[in-house]
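What's in final_29.cif: mmCIF, C-alpha atoms
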```cif
data_final
#
loop_
_atom_site.label_atom_id
_atom_site.label_comp_id
_atom_site.auth_asym_id
_atom_site.auth_seq_id
_atom_site.Cartn_x
_atom_site.Cartn_y
_atom_site.Cartn_z
CA MET A 1 -148.02 45.21 15.60
CA THR A 2 -149.40 42.55 17.92
CA THR A 3 -149.72 39.03 16.54
CA LEU A 4 -151.47 35.98 17.86
CA SER A 5 -148.19 34.23 18.50
CA SER A 6 -146.72 37.10 20.50
CA ARG A 7 -149.47 37.34 23.17
CA ARG A 8 -151.53 34.94 25.15
CA GLY A 9 -155.28 35.11 25.14
CA CYS A 10 -158.02 35.03 22.60
CA ALA A 11 -158.07 37.14 19.47
CA CYS A 12 -160.89 39.36 20.71
CA CYS A 13 -158.75 40.51 23.65
CA LEU A 14 -155.80 41.56 21.53
CA PRO A 15 -155.59 45.32 21.04
CA THR A 16 -154.41 45.34 17.39
CA LEU A 17 -154.15 42.57 14.87
CA GLY A 18 -153.33 44.60 11.81
CA ARG A 19 -154.32 43.81 8.26
CA ARG A 20 -152.41 40.52 8.03
CA GLY A 21 -153.69 39.29 11.39
CA ILE A 22 -157.29 40.01 10.49
CA PHE A 23 -156.84 38.34 7.10
CA GLY A 24 -155.28 35.30 8.82
CA LEU A 25 -158.19 35.00 11.24
CA ALA A 26 -160.74 35.34 8.43
CA ALA A 27 -158.95 32.75 6.28
CA GLY A 28 -158.71 30.39 9.24
CA ALA A 29 -162.41 30.76 9.96
CA MET A 30 -163.30 29.99 6.35
CA LEU A 31 -160.94 27.01 6.09
CA ALA A 32 -161.80 25.47 9.47
CA PRO A 33 -165.01 23.77 8.27
CA MET A 34 -163.18 22.30 5.26
CA ALA A 35 -160.35 21.04 7.44
CA ALA A 36 -162.83 19.49 9.86
CA ARG A 37 -164.54 17.69 6.98
CA ALA A 38 -161.26 16.32 5.76
CA GLU A 39 -159.96 15.33 9.18
CA ASP A 40 -163.08 13.53 10.38
CA GLY A 41 -163.55 11.76 7.05
CA THR A 42 -167.30 12.26 6.83
CA ALA A 43 -167.18 14.12 3.52
CA TYR A 44 -165.27 11.49 1.54
CA ASP A 45 -166.24 8.11 0.22
CA SER A 46 -163.64 7.18 -2.38
CA MET A 47 -160.38 7.90 -4.08
CA LEU A 48 -160.75 8.39 -7.83
CA LEU A 49 -157.77 7.24 -9.87
CA THR A 50 -157.80 8.82 -13.33
CA CYS A 51 -155.50 9.50 -16.21
CA ILE A 52 -154.01 12.96 -16.59
CA ASP A 53 -155.58 13.37 -20.04
CA PRO A 54 -157.50 16.68 -19.93
CA ARG A 55 -160.19 15.33 -22.27
CA PHE A 56 -161.60 13.26 -19.40
CA ILE A 57 -161.74 15.70 -16.50
CA THR A 58 -165.25 16.95 -17.27
CA PRO A 59 -166.76 13.57 -18.28
CA VAL A 60 -165.29 11.77 -15.25
CA ASN A 61 -166.50 14.49 -12.87
CA ALA A 62 -169.97 14.34 -14.45
CA TRP A 63 -170.03 10.56 -14.10
CA MET A 64 -168.99 10.78 -10.45
CA GLY A 65 -171.86 13.26 -9.96
CA THR A 66 -174.35 10.79 -11.40
CA ARG A 67 -173.20 8.37 -8.72
CA GLY A 68 -173.90 10.89 -5.95
CA LEU A 69 -170.19 11.39 -5.28
CA THR A 70 -169.77 15.10 -6.05
CA ASP A 71 -167.39 16.50 -3.40
CA LYS A 72 -167.12 13.04 -1.79
CA PHE A 73 -163.90 11.78 -3.34
CA SER A 74 -160.24 12.54 -3.38
CA ARG A 75 -158.48 12.29 -6.72
CA PHE A 76 -155.16 10.97 -7.91
CA GLY A 77 -154.20 11.58 -11.52
CA ILE A 78 -151.38 9.73 -13.21
CA ALA A 79 -150.76 8.98 -16.88
CA GLY A 80 -152.73 5.87 -17.75
CA ALA A 81 -154.66 5.69 -14.44
CA ALA A 82 -154.20 2.04 -13.33
CA VAL A 83 -151.67 1.58 -16.17
CA GLY A 84 -149.44 4.12 -14.42
CA VAL A 85 -149.77 2.21 -11.15
CA VAL A 86 -149.01 -1.34 -12.36
CA ALA A 87 -147.14 -1.19 -15.71
CA PRO A 88 -143.48 -2.15 -15.43
CA ALA A 89 -142.63 0.70 -17.83
CA PHE A 90 -143.75 3.15 -15.12
CA ALA A 91 -142.27 1.36 -12.10
CA THR A 92 -140.78 4.55 -10.66
CA TRP A 93 -144.28 6.04 -10.39
CA HIS A 94 -145.86 3.22 -8.39
CA THR A 95 -144.73 4.35 -4.95
CA ALA A 96 -146.28 7.79 -5.43
CA PHE A 97 -149.73 6.24 -5.92
CA TRP A 98 -149.49 3.82 -2.97
CA ASP A 99 -148.25 6.60 -0.68
CA ASN A 100 -151.11 8.86 -1.80
CA LEU A 101 -153.63 6.08 -1.30
CA GLY A 102 -152.36 5.60 2.24
CA ALA A 103 -152.66 9.33 2.89
CA SER A 104 -156.21 9.40 1.49
CA ILE A 105 -157.19 6.51 3.77
CA GLN A 106 -155.66 8.26 6.77
CA LEU A 107 -156.92 11.77 6.04
CA HIS A 108 -160.22 11.14 4.29
CA LYS A 109 -161.19 7.74 5.69
CA ILE A 110 -162.03 6.47 2.21
CA THR A 111 -163.47 2.98 1.83
CA ARG A 112 -163.19 2.55 -1.93
CA VAL A 113 -160.89 3.19 -4.89
CA ILE A 114 -162.46 3.86 -8.28
CA ALA A 115 -160.06 3.54 -11.22
CA VAL A 116 -161.25 5.08 -14.49
CA ALA A 117 -159.16 4.48 -17.58
CA HIS A 118 -160.06 5.83 -21.00
CA ARG A 119 -159.95 4.82 -24.62
CA ASP A 120 -157.22 6.23 -26.86
CA CYS A 121 -154.79 6.35 -23.93
CA GLY A 122 -151.29 7.33 -24.98
CA ALA A 123 -149.80 6.06 -21.70
CA ALA A 124 -151.21 2.59 -22.39
CA ALA A 125 -149.51 2.66 -25.80
CA ILE A 126 -146.22 3.74 -24.22
CA ALA A 127 -146.38 1.00 -21.61
CA TYR A 128 -147.72 -1.89 -23.70
CA GLY A 129 -147.18 -0.91 -27.35
CA ASP A 130 -149.40 0.61 -30.03
CA ALA A 131 -151.02 -2.75 -30.81
CA SER A 132 -152.45 -2.85 -27.28
CA ILE A 133 -154.88 -0.05 -28.17
CA ALA A 134 -155.13 -0.54 -31.94
CA THR A 135 -158.71 -1.84 -31.82
CA PRO A 136 -161.55 -1.42 -29.33
CA GLU A 137 -161.31 -5.14 -28.52
CA ALA A 138 -157.56 -4.96 -27.85
CA GLU A 139 -158.03 -1.82 -25.78
CA THR A 140 -160.78 -3.40 -23.69
CA ALA A 141 -158.71 -6.55 -23.16
CA LEU A 142 -155.67 -4.52 -22.07
CA HIS A 143 -157.56 -2.31 -19.63
CA THR A 144 -159.47 -5.29 -18.24
CA ARG A 145 -156.17 -7.08 -17.56
CA VAL A 146 -154.57 -3.96 -16.07
CA TYR A 147 -157.61 -3.40 -13.86
CA GLY A 148 -157.33 -7.00 -12.61
CA GLU A 149 -153.67 -6.43 -11.71
CA PHE A 150 -154.54 -3.15 -10.02
CA LYS A 151 -157.40 -4.70 -8.05
CA ALA A 152 -155.13 -7.54 -6.89
CA GLU A 153 -152.47 -5.06 -5.74
CA VAL A 154 -155.03 -3.03 -3.79
CA ALA A 155 -156.35 -6.22 -2.17
CA LYS A 156 -152.81 -7.17 -1.15
CA ARG A 157 -151.85 -3.73 0.19
CA GLN A 158 -155.20 -2.40 1.49
CA PRO A 159 -157.50 -5.43 1.87
CA SER A 160 -160.32 -3.46 3.51
CA LEU A 161 -160.84 -1.22 0.46
CA ARG A 162 -163.46 -1.91 -2.16
CA VAL A 163 -162.23 -1.49 -5.73
CA GLU A 164 -164.21 -0.51 -8.82
CA GLY A 165 -163.04 0.32 -12.29
CA GLY A 166 -164.15 1.21 -15.72
CA LEU A 167 -163.13 2.22 -19.20
CA MET A 168 -164.48 5.54 -20.47
CA ALA A 169 -165.00 6.36 -24.12
CA LEU A 170 -164.32 9.77 -25.64
CA ASP A 171 -168.05 10.57 -25.44
CA GLY A 172 -168.13 9.93 -21.67
CA LYS A 173 -169.85 6.53 -21.80
CA ILE A 174 -168.28 4.10 -19.39
CA GLU A 175 -168.02 0.31 -19.29
CA MET A 176 -167.51 -1.02 -15.78
CA PHE A 177 -165.18 -3.93 -15.10
CA ALA A 178 -166.34 -6.98 -13.14
#
```
Could you write out this file's structure as structure tokens?
Amino acid sequence: MTTLSSRRGCACCLPTLGRRGIFGLAAGAMLAPMAARAEDGTAYDSMLLTCIDPRFITPVNAWMGTRGLTDKFSRFGIAGAAVGVVAPAFATWHTAFWDNLGASIQLHKITRVIAVAHRDCGAAAIAYGDASIATPEAETALHTRVYGEFKAEVAKRQPSLRVEGGLMALDGKIEMFA
């Protein structure tokens, strides 16, 4: 069987590609527009940092859609969202986020990071104790403080990025941080 790598010339001049060769060409043709979008950065606006809690996938995606960002963001999920990026209890995780943020800037040309935490976050309780999320007021105070630390770290490491953040309730309502 002739393959693209074994002969010079364009695909249309090759006598036989075989099933795998034809599939490879078709897959490449379908993926090429997506790769071009990712490489030139025109399709992306932001990186969304969220918690891994499956209860918030649909509400967060819906919220991003209301902001006109459907298909215009890359996503990084880590337990606790910003908690997972700045809490000393999760120090070994921090590098993974910063490396991914750098890759998203390079590949997707993002200009903003949006960190969305959520109420009733088990990772926040692990990192800061059960009392930190025992009441809505304590929870808001904790996530506001964590967001401030996160925003300061982004400003130090990637000063050209804009940073936004919020705290989402179980019903999908979100309070944005200043």
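A straight line drawn from atom CA of A:Ala178 to atom CA of A:Ile126 is 25.3 Å long.
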If you count all atoms listed in the file, which residues fall within 10 Å of A:Ala169, apart from same-chain ones fewer than 3 positions away, as a compact mmCIF listing (two decimals) with C-alpha atoms, in the frame of the given file?
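What follows is the written file selection37.txt:
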```txt
# COMPACT_ATOMS: atom_id res chain seq x y z
CA PHE A 56 -161.60 13.26 -19.40
CA PRO A 59 -166.76 13.57 -18.28
CA ALA A 117 -159.16 4.48 -17.58
CA HIS A 118 -160.06 5.83 -21.00
CA ARG A 119 -159.95 4.82 -24.62
CA ASP A 120 -157.22 6.23 -26.86
CA PRO A 136 -161.55 -1.42 -29.33
CA GLY A 166 -164.15 1.21 -15.72
CA GLY A 172 -168.13 9.93 -21.67
CA LYS A 173 -169.85 6.53 -21.80
CA ILE A 174 -168.28 4.10 -19.39
CA GLU A 175 -168.02 0.31 -19.29
```
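When the PyMOL selection byres ((chain A and resi 122) around 9) is evaluated on the file shown here, the picked residues come out as Asp53, Ala79, Gly80, Asp120, Cys121, Ala123, Ala124, Ala125, Ile126, Ala127, Asp130 and Ile133 of chain A.
When the distance limit is 9 Å and all atoms listed in the file are what count, the residues near A:Val60, minus those fewer than 6 positions from it on the same chain, are A:Thr50, A:Val116, A:Met168, A:Gly172.
Across the structure, atom CA of A:Ile52 and atom CA of A:Gly77 are spaced 5.3 Å apart.
Among A:Ile105, A:Ile114, A:Ala87, A:Ala138, the residue with the shortest atom-to-atom distance to A:Glu164, counting all atoms listed in the file, is A:Ile114.
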- Message: Here's a test: counting only C-alpha atoms, identify every protein, DNA and RNA residue with an atom at most 8 Å from (-165.8, 6.3, -3.1) in the file's coordinate frame, and state them as a PyMOL selection string.
- Response: chain A and resi 44-48+69+72-73+110-114
- Message: Restricting the calculation to all atoms listed in the file: of A:Ala82, A:Ala96, A:Ala115, A:Val154, which residue gets closest to A:Met64?
- Response: A:Ala115
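When the PyMOL selection byres ((chain A and resi 88) around 12) is evaluated on the file shown here, the picked residues come out as Ala82, Val83, Gly84, Val85, Val86, Ala87, Ala89, Phe90, Ala91, Thr92, Trp93, His94, Ala124, Ile126, Ala127, Tyr128, Val146 and Glu149 of chain A.
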Those residues with C-alpha atoms, as a JSON list (two decimals), keeping the file's coordinate frame please?
```json
[["chain", "number", "residue", "atom", "x", "y", "z"],
["A", 82, "ALA", "CA", -154.20, 2.04, -13.33],
["A", 83, "VAL", "CA", -151.67, 1.58, -16.17],
["A", 84, "GLY", "CA", -149.44, 4.12, -14.42],
["A", 85, "VAL", "CA", -149.77, 2.21, -11.15],
["A", 86, "VAL", "CA", -149.01, -1.34, -12.36],
["A", 87, "ALA", "CA", -147.14, -1.19, -15.71],
["A", 89, "ALA", "CA", -142.63, 0.70, -17.83],
["A", 90, "PHE", "CA", -143.75, 3.15, -15.12],
["A", 91, "ALA", "CA", -142.27, 1.36, -12.10],
["A", 92, "THR", "CA", -140.78, 4.55, -10.66],
["A", 93, "TRP", "CA", -144.28, 6.04, -10.39],
["A", 94, "HIS", "CA", -145.86, 3.22, -8.39],
["A", 124, "ALA", "CA", -151.21, 2.59, -22.39],
["A", 126, "ILE", "CA", -146.22, 3.74, -24.22],
["A", 127, "ALA", "CA", -146.38, 1.00, -21.61],
["A", 128, "TYR", "CA", -147.72, -1.89, -23.70],
["A", 146, "VAL", "CA", -154.57, -3.96, -16.07],
["A", 149, "GLU", "CA", -153.67, -6.43, -11.71]]
```
- The distance between atom CA of A:Lys156 and atom CA of A:Gly68 is 28.2 Å
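Of the listed residues A:Ala81, A:Leu101, A:Ala131, A:Ile57, the one whose atoms come nearest to A:Leu161 is A:Leu101, with distances taken using all atoms listed in the file.
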